[in-house]
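Shown here: my_file11.cif, mmCIF, C-alpha atoms.
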```
data_structure
loop_
_atom_site.label_atom_id
_atom_site.label_comp_id
_atom_site.auth_asym_id
_atom_site.auth_seq_id
_atom_site.Cartn_x
_atom_site.Cartn_y
_atom_site.Cartn_z
CA MET A 1 -30.42 78.73 -9.64
CA TRP A 2 -27.63 77.51 -7.32
CA TRP A 3 -28.39 73.88 -8.24
CA LEU A 4 -27.98 74.62 -11.96
CA LEU A 5 -24.78 76.58 -11.41
CA ALA A 6 -23.40 73.76 -9.31
CA VAL A 7 -24.10 71.23 -12.06
CA LEU A 8 -22.53 73.41 -14.73
CA SER A 9 -19.50 73.99 -12.50
CA ALA A 10 -19.17 70.27 -11.99
CA VAL A 11 -19.33 69.65 -15.74
CA HIS A 12 -16.67 72.29 -16.35
CA LEU A 13 -14.47 70.75 -13.65
CA LEU A 14 -14.87 67.29 -15.16
CA GLY A 15 -13.81 68.62 -18.55
CA THR A 16 -10.77 70.32 -17.00
CA ILE A 17 -9.78 67.14 -15.20
CA HIS A 18 -10.16 65.16 -18.41
CA ASP A 19 -7.95 67.60 -20.30
CA PHE A 20 -5.34 67.36 -17.57
CA PHE A 21 -5.28 63.57 -17.62
CA GLY A 22 -5.30 63.51 -21.40
CA LYS A 23 -2.12 65.52 -21.94
CA GLY A 24 1.10 63.60 -22.13
CA LYS A 25 -0.20 60.61 -20.23
CA PRO A 26 -1.11 57.09 -21.34
CA VAL A 27 -4.83 56.61 -21.80
CA ASN A 28 -7.12 53.68 -22.29
CA PRO A 29 -7.82 53.26 -26.01
CA GLU A 30 -11.59 53.61 -25.45
CA VAL A 31 -11.13 57.32 -24.70
CA ASN A 32 -10.97 58.06 -28.42
CA MET A 33 -13.60 55.53 -29.52
CA ASN A 34 -17.27 55.95 -30.25
CA ILE A 35 -19.82 53.64 -28.65
CA SER A 36 -19.81 51.01 -31.40
CA GLU A 37 -16.03 50.94 -31.41
CA ILE A 38 -15.93 50.32 -27.66
CA ILE A 39 -18.36 47.42 -28.04
CA ALA A 40 -16.29 45.92 -30.85
CA TYR A 41 -13.07 46.50 -28.90
CA TRP A 42 -14.28 44.02 -26.27
CA GLY A 43 -15.21 41.46 -28.92
CA TYR A 44 -19.00 41.88 -28.93
CA PRO A 45 -21.25 42.22 -31.97
CA ASN A 46 -22.68 45.68 -32.42
CA GLU A 47 -25.23 47.48 -34.54
CA GLU A 48 -26.26 51.12 -34.91
CA TYR A 49 -29.63 52.55 -35.85
CA GLU A 50 -31.29 55.94 -36.13
CA VAL A 51 -34.81 56.64 -34.91
CA VAL A 52 -36.80 59.74 -35.86
CA THR A 53 -39.18 61.07 -33.21
CA GLU A 54 -42.59 62.55 -33.93
CA ASP A 55 -41.16 66.04 -33.43
CA GLY A 56 -38.22 65.44 -35.77
CA TYR A 57 -35.22 64.55 -33.59
CA VAL A 58 -32.91 61.84 -34.91
CA LEU A 59 -31.74 59.57 -32.11
CA ARG A 60 -28.85 57.11 -32.19
CA LEU A 61 -29.49 53.59 -30.94
CA ASN A 62 -26.73 51.11 -30.12
CA ARG A 63 -27.35 47.38 -30.01
CA ILE A 64 -25.52 44.30 -28.74
CA PRO A 65 -27.70 41.53 -30.22
CA TYR A 66 -26.06 38.66 -28.33
CA GLY A 67 -23.11 37.77 -26.15
CA LYS A 68 -19.50 37.46 -27.21
CA ASN A 69 -19.39 33.70 -26.88
CA SER A 70 -23.05 32.88 -27.39
CA PRO A 71 -24.42 33.79 -30.83
CA GLY A 72 -28.16 34.22 -30.59
CA GLN A 73 -30.31 31.32 -31.76
CA GLY A 74 -33.87 32.42 -32.28
CA PRO A 75 -35.54 35.41 -30.62
CA GLN A 76 -33.88 36.53 -27.41
CA PRO A 77 -35.60 38.63 -24.72
CA VAL A 78 -35.07 42.33 -25.29
CA THR A 79 -33.69 44.85 -22.80
CA TYR A 80 -33.52 48.60 -23.29
CA LEU A 81 -31.03 50.69 -21.29
CA GLN A 82 -31.54 54.46 -20.92
CA HIS A 83 -28.80 56.70 -19.54
CA GLY A 84 -29.02 59.64 -17.17
CA LEU A 85 -28.51 63.40 -17.32
CA LEU A 86 -25.51 64.70 -19.32
CA SER A 87 -24.63 61.18 -20.37
CA SER A 88 -25.00 58.63 -23.19
CA ALA A 89 -25.36 54.95 -24.02
CA SER A 90 -21.67 54.53 -23.21
CA ASP A 91 -22.58 54.52 -19.50
CA TRP A 92 -23.46 50.84 -19.77
CA ILE A 93 -20.15 49.68 -21.32
CA LEU A 94 -17.40 51.74 -19.64
CA ASN A 95 -16.30 49.21 -17.04
CA LEU A 96 -14.72 45.89 -17.92
CA PRO A 97 -17.13 43.43 -19.55
CA ASN A 98 -17.67 41.48 -16.33
CA ASN A 99 -18.81 44.67 -14.58
CA SER A 100 -20.69 46.52 -17.35
CA LEU A 101 -24.44 45.90 -17.42
CA ALA A 102 -24.83 45.87 -21.21
CA PHE A 103 -22.11 43.23 -21.67
CA MET A 104 -23.40 41.16 -18.75
CA LEU A 105 -26.93 41.16 -20.16
CA ALA A 106 -25.69 40.15 -23.62
CA ASP A 107 -23.70 37.27 -22.13
CA ALA A 108 -26.78 36.23 -20.15
CA GLY A 109 -28.75 35.76 -23.37
CA TYR A 110 -30.44 39.14 -23.88
CA ASP A 111 -30.76 41.33 -26.95
CA VAL A 112 -29.44 44.62 -25.56
CA TRP A 113 -30.42 48.06 -26.91
CA MET A 114 -29.06 51.35 -25.58
CA GLY A 115 -30.62 54.75 -26.18
CA ASN A 116 -29.16 58.24 -26.58
CA SER A 117 -31.37 61.13 -25.51
CA ARG A 118 -31.92 64.08 -27.83
CA GLY A 119 -29.14 66.63 -27.69
CA ASN A 120 -26.38 64.39 -26.38
CA SER A 121 -23.18 63.85 -28.36
CA TRP A 122 -24.69 61.02 -30.46
CA SER A 123 -28.18 62.45 -31.04
CA ARG A 124 -27.61 65.93 -32.43
CA LYS A 125 -29.60 65.74 -35.61
CA HIS A 126 -33.06 67.01 -36.54
CA VAL A 127 -35.02 66.78 -39.77
CA ASN A 128 -35.56 70.57 -39.82
CA PHE A 129 -33.29 72.30 -37.28
CA SER A 130 -29.54 72.63 -37.02
CA PRO A 131 -27.83 72.11 -33.64
CA ASP A 132 -26.61 75.69 -34.14
CA SER A 133 -30.18 76.96 -33.86
CA SER A 134 -32.08 77.80 -30.67
CA GLU A 135 -35.03 75.78 -31.96
CA PHE A 136 -33.02 72.58 -31.79
CA TRP A 137 -32.33 73.02 -28.06
CA ALA A 138 -35.90 73.87 -27.05
CA PHE A 139 -36.54 70.68 -25.10
CA SER A 140 -36.31 69.11 -21.66
CA PHE A 141 -37.01 65.71 -20.12
CA ASP A 142 -40.71 66.30 -20.84
CA GLU A 143 -40.05 65.83 -24.56
CA MET A 144 -37.76 62.90 -23.91
CA ALA A 145 -40.64 61.16 -22.16
CA LYS A 146 -43.29 62.24 -24.65
CA TYR A 147 -41.38 61.63 -27.89
CA ASP A 148 -38.01 59.88 -27.42
CA LEU A 149 -39.15 56.87 -25.43
CA PRO A 150 -42.23 56.00 -27.54
CA ALA A 151 -40.27 56.33 -30.79
CA THR A 152 -37.40 54.23 -29.45
CA ILE A 153 -39.44 51.49 -27.79
CA ASN A 154 -41.76 51.11 -30.79
CA PHE A 155 -38.78 50.92 -33.14
CA ILE A 156 -37.07 48.22 -31.07
CA LEU A 157 -40.20 46.08 -30.81
CA GLU A 158 -40.84 46.40 -34.54
CA MET A 159 -37.24 45.41 -35.34
CA THR A 160 -37.21 42.43 -33.00
CA GLY A 161 -40.77 41.20 -33.44
CA HIS A 162 -41.36 41.22 -29.68
CA GLU A 163 -44.43 42.60 -27.96
CA GLN A 164 -42.66 43.67 -24.77
CA LEU A 165 -39.20 44.57 -23.49
CA TYR A 166 -37.43 45.11 -20.19
CA TYR A 167 -36.52 48.72 -19.41
CA VAL A 168 -33.50 49.72 -17.32
CA GLY A 169 -33.01 53.41 -16.52
CA HIS A 170 -30.44 55.32 -14.51
CA SER A 171 -31.18 58.76 -13.04
CA GLN A 172 -33.00 60.82 -15.71
CA GLY A 173 -33.45 57.61 -17.69
CA SER A 174 -35.66 56.33 -14.86
CA SER A 175 -37.43 59.66 -14.39
CA SER A 176 -38.42 59.82 -18.06
CA ALA A 177 -39.80 56.29 -17.79
CA PHE A 178 -42.01 57.19 -14.81
CA ILE A 179 -43.41 60.13 -16.78
CA ALA A 180 -43.90 58.24 -20.04
CA PHE A 181 -45.42 55.09 -18.56
CA SER A 182 -47.81 56.99 -16.30
CA ALA A 183 -49.09 59.22 -19.11
CA ASP A 184 -49.16 56.68 -21.97
CA GLN A 185 -50.76 53.40 -20.92
CA ALA A 186 -50.45 51.91 -24.42
CA LEU A 187 -46.70 52.42 -24.21
CA ALA A 188 -46.61 51.10 -20.64
CA HIS A 189 -48.16 47.81 -21.78
CA LYS A 190 -45.11 47.29 -24.00
CA VAL A 191 -42.80 47.22 -20.97
CA LYS A 192 -42.62 43.93 -19.09
CA ALA A 193 -40.79 45.45 -16.12
CA LEU A 194 -39.01 48.66 -15.17
CA PHE A 195 -35.64 48.42 -13.43
CA SER A 196 -34.97 51.82 -11.90
CA LEU A 197 -31.49 52.84 -10.73
CA SER A 198 -31.33 56.02 -8.63
CA PRO A 199 -34.33 57.82 -10.16
CA ILE A 200 -34.55 61.61 -9.77
CA THR A 201 -38.23 62.44 -9.25
CA ALA A 202 -38.62 65.33 -6.80
CA GLY A 203 -35.34 67.07 -6.07
CA LYS A 204 -36.76 68.41 -2.82
CA HIS A 205 -33.86 67.17 -0.71
CA VAL A 206 -31.05 67.45 -3.26
CA LYS A 207 -27.85 68.64 -1.58
CA GLY A 208 -26.17 69.84 -4.77
CA LEU A 209 -22.92 69.20 -6.62
CA LEU A 210 -20.57 71.79 -5.03
CA ASN A 211 -18.17 69.03 -4.01
CA ILE A 212 -17.49 66.82 -7.05
CA VAL A 213 -16.10 64.07 -4.79
CA PHE A 214 -19.62 63.19 -3.69
CA LEU A 215 -20.62 62.32 -7.25
CA PHE A 216 -17.98 59.72 -7.92
CA PRO A 217 -18.07 56.17 -6.59
CA LYS A 218 -15.89 55.54 -3.54
CA LYS A 219 -14.78 52.27 -5.09
CA ILE A 220 -13.89 53.09 -8.68
CA PHE A 221 -11.55 51.61 -11.28
CA LYS A 222 -9.02 54.45 -11.06
CA SER A 223 -7.17 53.10 -14.08
CA ARG A 224 -10.29 53.90 -16.14
CA LEU A 225 -10.80 57.45 -14.90
CA ASP A 226 -9.84 58.88 -18.29
CA VAL A 227 -12.57 56.77 -19.91
CA TYR A 228 -15.26 57.97 -17.51
CA LEU A 229 -14.31 61.63 -17.85
CA SER A 230 -14.29 61.49 -21.65
CA ARG A 231 -17.98 60.58 -21.78
CA ILE A 232 -19.84 63.73 -20.73
CA ALA A 233 -22.37 64.00 -23.54
CA GLY A 234 -24.39 67.15 -22.76
CA THR A 235 -28.00 68.28 -22.90
CA SER A 236 -29.99 71.49 -23.39
CA MET A 237 -29.99 74.48 -21.04
CA GLN A 238 -33.78 74.22 -20.98
CA ASN A 239 -33.46 70.71 -19.59
CA MET A 240 -31.07 71.90 -16.87
CA LEU A 241 -33.44 74.73 -15.93
CA HIS A 242 -36.33 72.28 -15.77
CA TRP A 243 -34.43 70.04 -13.35
CA ARG A 244 -33.49 72.88 -11.01
CA GLN A 245 -37.14 73.85 -10.30
CA THR A 246 -37.76 74.03 -6.57
CA THR A 247 -41.32 72.86 -7.11
CA PRO A 248 -41.29 69.72 -9.30
CA PRO A 249 -43.73 69.42 -12.21
CA PHE A 250 -46.85 67.43 -11.49
CA TYR A 251 -46.85 63.89 -12.84
CA ARG A 252 -49.22 61.18 -11.68
CA THR A 253 -46.63 58.60 -10.67
CA GLU A 254 -49.44 56.56 -9.10
CA ASP A 255 -50.68 55.87 -12.65
CA MET A 256 -47.37 54.15 -13.49
CA ARG A 257 -48.43 50.50 -13.17
CA VAL A 258 -45.48 48.81 -14.84
CA PRO A 259 -43.92 46.25 -12.44
CA THR A 260 -41.07 48.21 -10.85
CA PHE A 261 -37.78 47.07 -9.27
CA LEU A 262 -35.83 49.92 -7.72
CA TRP A 263 -32.31 50.40 -6.37
CA SER A 264 -31.28 53.54 -4.48
CA GLY A 265 -28.24 54.81 -2.57
CA GLY A 266 -27.94 55.97 0.99
CA ASN A 267 -25.22 58.46 0.08
CA ASP A 268 -26.81 59.77 -3.13
CA TRP A 269 -26.84 63.57 -3.20
CA LEU A 270 -29.07 63.74 -6.29
CA THR A 271 -31.55 61.06 -5.22
CA PRO A 272 -31.59 61.38 -1.43
CA PRO A 273 -33.29 58.69 0.68
CA LYS A 274 -36.12 61.05 1.69
CA ASP A 275 -37.05 61.63 -1.96
CA VAL A 276 -36.90 57.89 -2.60
CA GLU A 277 -39.17 57.20 0.37
CA ASN A 278 -41.76 59.59 -1.05
CA LEU A 279 -41.54 57.94 -4.47
CA LEU A 280 -41.95 54.44 -3.06
CA GLN A 281 -45.27 55.41 -1.52
CA GLN A 282 -46.58 56.51 -4.92
CA LEU A 283 -45.77 53.39 -6.94
CA PRO A 284 -48.78 51.04 -7.18
CA ASN A 285 -46.83 48.11 -8.61
CA LEU A 286 -43.55 48.26 -6.71
CA LYS A 287 -42.13 44.75 -6.59
CA TYR A 288 -38.74 45.30 -5.02
CA HIS A 289 -36.55 47.99 -3.46
CA LYS A 290 -32.97 47.76 -2.32
CA MET A 291 -31.16 50.65 -0.65
CA ILE A 292 -27.37 50.38 -0.74
CA PRO A 293 -26.12 52.56 2.16
CA SER A 294 -22.71 53.47 0.69
CA TYR A 295 -23.87 54.20 -2.86
CA ASN A 296 -23.95 57.63 -4.44
CA HIS A 297 -25.27 58.65 -7.86
CA LEU A 298 -22.57 57.23 -10.13
CA ASP A 299 -21.95 54.01 -8.23
CA PHE A 300 -24.89 52.53 -10.13
CA ILE A 301 -23.02 52.68 -13.45
CA TRP A 302 -19.30 52.95 -12.59
CA GLY A 303 -18.90 51.38 -9.16
CA MET A 304 -16.39 48.55 -8.86
CA ASP A 305 -18.95 46.38 -7.09
CA ALA A 306 -22.01 47.33 -9.15
CA ALA A 307 -22.21 43.82 -10.57
CA GLN A 308 -22.29 42.28 -7.10
CA GLN A 309 -24.60 44.90 -5.60
CA ILE A 310 -27.06 45.28 -8.50
CA TYR A 311 -26.43 43.71 -11.90
CA ASN A 312 -26.32 40.02 -10.98
CA GLU A 313 -29.50 40.43 -8.97
CA LEU A 314 -31.19 42.43 -11.73
CA ILE A 315 -30.42 39.75 -14.32
CA GLU A 316 -31.70 37.01 -12.03
CA ILE A 317 -34.96 38.90 -11.57
CA MET A 318 -35.33 39.23 -15.35
CA LYS A 319 -34.96 35.47 -15.69
CA GLN A 320 -37.88 34.93 -13.32
CA ASN A 321 -41.55 35.62 -13.92
CA VAL A 322 -41.76 39.24 -12.76
CA SER A 323 -45.54 38.99 -12.34
CA SER A 324 -44.96 36.36 -9.64
CA PHE A 325 -43.33 38.96 -7.37
CA PRO A 326 -45.85 40.31 -4.85
CA VAL A 327 -46.44 44.04 -4.62
CA MET A 328 -44.50 45.48 -1.70
CA GLY A 329 -46.55 46.55 1.30
CA ARG A 330 -46.97 50.20 2.24
CA SER A 331 -45.97 51.60 5.59
#
```
The structure in this file should be written as structure tokens.
Amino acid sequence: MWWLLAVLSAVHLLGTIHDFFGKGKPVNPEVNMNISEIIAYWGYPNEEYEVVTEDGYVLRLNRIPYGKNSPGQGPQPVTYLQHGLLSSASDWILNLPNNSLAFMLADAGYDVWMGNSRGNSWSRKHVNFSPDSSEFWAFSFDEMAKYDLPATINFILEMTGHEQLYYVGHSQGSSSAFIAFSADQALAHKVKALFSLSPITAGKHVKGLLNIVFLFPKKIFKSRLDVYLSRIAGTSMQNMLHWRQTTPPFYRTEDMRVPTFLWSGGNDWLTPPKDVENLLQQLPNLKYHKMIPSYNHLDFIWGMDAAQQIYNELIEIMKQNVSSFPVMGRS
């Protein structure tokens, strides 16, 4: 239970810090914007959609169909970005455009879609249940993998006319992908490659969140701190309880045969190197792994040098034929 309490304490602290910074001080205008407004603020085209899952949750999807200075001509390759725990699609657009993955992908010629998991600030609708009811919150990352990802991926492919897309996940967004693509091979065939940023898969060596400093990037755009802290989007208590299990649920990660490119951090308290090492041994189609010694859990989305450390490389890999990458050897 200590892990859960630590997370909740961290969330409460973040909210307190945000309130402090928000009173009587200048703020970036994005603090009071929704996701579409942030995209438009930086001059990019944006679209919003709603997807209904098989079990009735209504999920918000945000789309940047092409770059600011390069209107799409004909079908463009599709990328799908899935956020982590307690977060939202805004994760991918909170830095400046030259250091935010969604904007960088759009400018590189990709049709960019961003998901919002059930229960976060932008996906709190259900065809039968009110968010005020206990029934609405009866879910965890199991249901996100079983229902959210298939509904979202199928919707995107139907809308774009493509047969496959690239999937980028951070934290829980990667974990859900491992679960979904190992259990549902038909869905896995619709994913050309999985780009995994700091996936939480075991939690065996998690150190906890008792010191909030260890969550934040060491190199952060301090002038945008108010933007980062305004974006905590929430989840269900059931999901938090599921994550704090000392014995992780059994998923056959070795059945996840989507070509996988993985980035991890040497200073990541939520995805420690030992847990990553165990995961790497289970992936049958691991194409690439890069461990960034200084990185912790939020460097992957908010770090000042994330573009140099990850995003430029990720985009270059997408531009290549991912099937041409050899499977990494096992130790």
Do you know which residues are at most 12 Å from A:Gln185 counting all atoms listed in the file, after dropping those on the same chain fewer than 6 positions away, and could you put them as a PyMOL selection string?
chain A and resi 150+177-179+191+255-258
Run the PyMOL selection byres ((chain A and resi 51) around 10) against the file shown and list the residues it catches, as a short mmCIF file (atom, residue, chain, number, x, y, z; two decimals) with C-alpha atoms, in the coordinates of the input.
```cif
data_model
loop_
_atom_site.label_atom_id
_atom_site.label_comp_id
_atom_site.auth_asym_id
_atom_site.auth_seq_id
_atom_site.Cartn_x
_atom_site.Cartn_y
_atom_site.Cartn_z
CA TYR A 49 -29.63 52.55 -35.85
CA GLU A 50 -31.29 55.94 -36.13
CA VAL A 52 -36.80 59.74 -35.86
CA THR A 53 -39.18 61.07 -33.21
CA GLU A 54 -42.59 62.55 -33.93
CA GLY A 56 -38.22 65.44 -35.77
CA TYR A 57 -35.22 64.55 -33.59
CA VAL A 58 -32.91 61.84 -34.91
CA LEU A 59 -31.74 59.57 -32.11
CA ARG A 60 -28.85 57.11 -32.19
CA LEU A 61 -29.49 53.59 -30.94
CA GLY A 115 -30.62 54.75 -26.18
CA SER A 123 -28.18 62.45 -31.04
CA ASP A 148 -38.01 59.88 -27.42
CA ALA A 151 -40.27 56.33 -30.79
CA THR A 152 -37.40 54.23 -29.45
CA ILE A 153 -39.44 51.49 -27.79
CA ASN A 154 -41.76 51.11 -30.79
CA PHE A 155 -38.78 50.92 -33.14
CA ILE A 156 -37.07 48.22 -31.07
#
```
Quick one: everything within 12 Å of A:Glu313, counting all atoms listed in the file, minus sequence neighbours fewer than 5 positions away in the same chain. Send it as a list in words.
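Contacts, in chain order: Leu101, Met104, Leu105, Phe195, Phe261, Leu262, Trp263, Tyr288, His289, Lys290, Ala306, Ala307, Gln308, Met318, Lys319 and Gln320 of chain A.
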Might you spell out which residues the PyMOL selection byres ((chain A and resi 100) around 12) would select in the displayed file, as number ranges by chain?
A: 38-39, 42, 81, 89-99, 101-107, 299-308, 310-312
Quick one: write out the picked residues with C-alpha atoms as a short mmCIF file (atom, residue, chain, number, x, y, z; two decimals), keeping the file's coordinate frame?
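Okay, result-v2.cif is ready:
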```
data_model
loop_
_atom_site.label_atom_id
_atom_site.label_comp_id
_atom_site.auth_asym_id
_atom_site.auth_seq_id
_atom_site.Cartn_x
_atom_site.Cartn_y
_atom_site.Cartn_z
CA ILE A 38 -15.93 50.32 -27.66
CA ILE A 39 -18.36 47.42 -28.04
CA TRP A 42 -14.28 44.02 -26.27
CA LEU A 81 -31.03 50.69 -21.29
CA ALA A 89 -25.36 54.95 -24.02
CA SER A 90 -21.67 54.53 -23.21
CA ASP A 91 -22.58 54.52 -19.50
CA TRP A 92 -23.46 50.84 -19.77
CA ILE A 93 -20.15 49.68 -21.32
CA LEU A 94 -17.40 51.74 -19.64
CA ASN A 95 -16.30 49.21 -17.04
CA LEU A 96 -14.72 45.89 -17.92
CA PRO A 97 -17.13 43.43 -19.55
CA ASN A 98 -17.67 41.48 -16.33
CA ASN A 99 -18.81 44.67 -14.58
CA LEU A 101 -24.44 45.90 -17.42
CA ALA A 102 -24.83 45.87 -21.21
CA PHE A 103 -22.11 43.23 -21.67
CA MET A 104 -23.40 41.16 -18.75
CA LEU A 105 -26.93 41.16 -20.16
CA ALA A 106 -25.69 40.15 -23.62
CA ASP A 107 -23.70 37.27 -22.13
CA ASP A 299 -21.95 54.01 -8.23
CA PHE A 300 -24.89 52.53 -10.13
CA ILE A 301 -23.02 52.68 -13.45
CA TRP A 302 -19.30 52.95 -12.59
CA GLY A 303 -18.90 51.38 -9.16
CA MET A 304 -16.39 48.55 -8.86
CA ASP A 305 -18.95 46.38 -7.09
CA ALA A 306 -22.01 47.33 -9.15
CA ALA A 307 -22.21 43.82 -10.57
CA GLN A 308 -22.29 42.28 -7.10
CA ILE A 310 -27.06 45.28 -8.50
CA TYR A 311 -26.43 43.71 -11.90
CA ASN A 312 -26.32 40.02 -10.98
#
```
Take atom CA of A:Asn285 and atom CA of A:Pro326 and report the distance between them in Å, one decimal.
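The value is 8.7 Å.
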Can you tell me, as number ranges by chain, which residues sit within 12 Å of (-35.0, 74.3, -31.1) in the file's frame, using all atoms listed in the file?
A: 55-57, 118-119, 124-140, 143, 236-238
Find the residue from A:Phe221, A:Tyr166, A:Tyr295, A:Tyr147 that sits nearest to A:Ser117; use only C-alpha atoms when measuring.
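Closest to A:Ser117 of all the choices is A:Tyr147.
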Have a look at atom CA of A:Ser182 and atom CA of A:His162 and let me know their distance in Å, one decimal.
21.7 Å
For A:Ile64, find every residue with an atom within 6 Å (counting all atoms listed in the file), except residues of its own chain fewer than 4 positions away, and show them as a ChimeraX atom specification.
/A:45-46,112
Output file for the selection above: C-alpha atoms, as a short mmCIF file (atom, residue, chain, number, x, y, z; two decimals), in the coordinates of the input:
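Result file is out.cif:
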```
data_model
loop_
_atom_site.label_atom_id
_atom_site.label_comp_id
_atom_site.auth_asym_id
_atom_site.auth_seq_id
_atom_site.Cartn_x
_atom_site.Cartn_y
_atom_site.Cartn_z
CA PRO A 45 -21.25 42.22 -31.97
CA ASN A 46 -22.68 45.68 -32.42
CA VAL A 112 -29.44 44.62 -25.56
#
```
Using the file's own x, y and z axes, what box holds all listed atoms of stretch 60-77 of chain A with 6 Å on each side, keeping edges along x, y and z, and what are its centre and edge lengths in Å to one decimal, as lines of an AutoDock Vina configuration file?
```
center_x = -27.5
center_y = 44.2
center_z = -28.5
size_x = 28.2
size_y = 37.8
size_z = 19.6
```
Restricting the calculation to only C-alpha atoms, which member of A:Thr253, A:Ser198, A:Gln82, A:Asn120 is positioned closest to A:Ala180?
A:Thr253
Rank nothing, just name the residue among A:Tyr167, A:Tyr44, A:Tyr110, A:Phe325 nearest to A:Gln76, using all atoms listed in the file.
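Looking only at the distances to A:Gln76, the closest residue turns out to be A:Tyr110.
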Nearest to A:Val322: which of A:Gly169, A:Gly265, A:Pro259, A:Pro199 is it, counting all atoms listed in the file?
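Answer, going by the shortest atom-to-atom distance: A:Pro259.
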Separation of atom CA of A:Phe141 from atom CA of A:Ser264, in Å and rounded to one decimal:
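Going from atom CA of A:Phe141 over to atom CA of A:Ser264, I get 20.6 Å.
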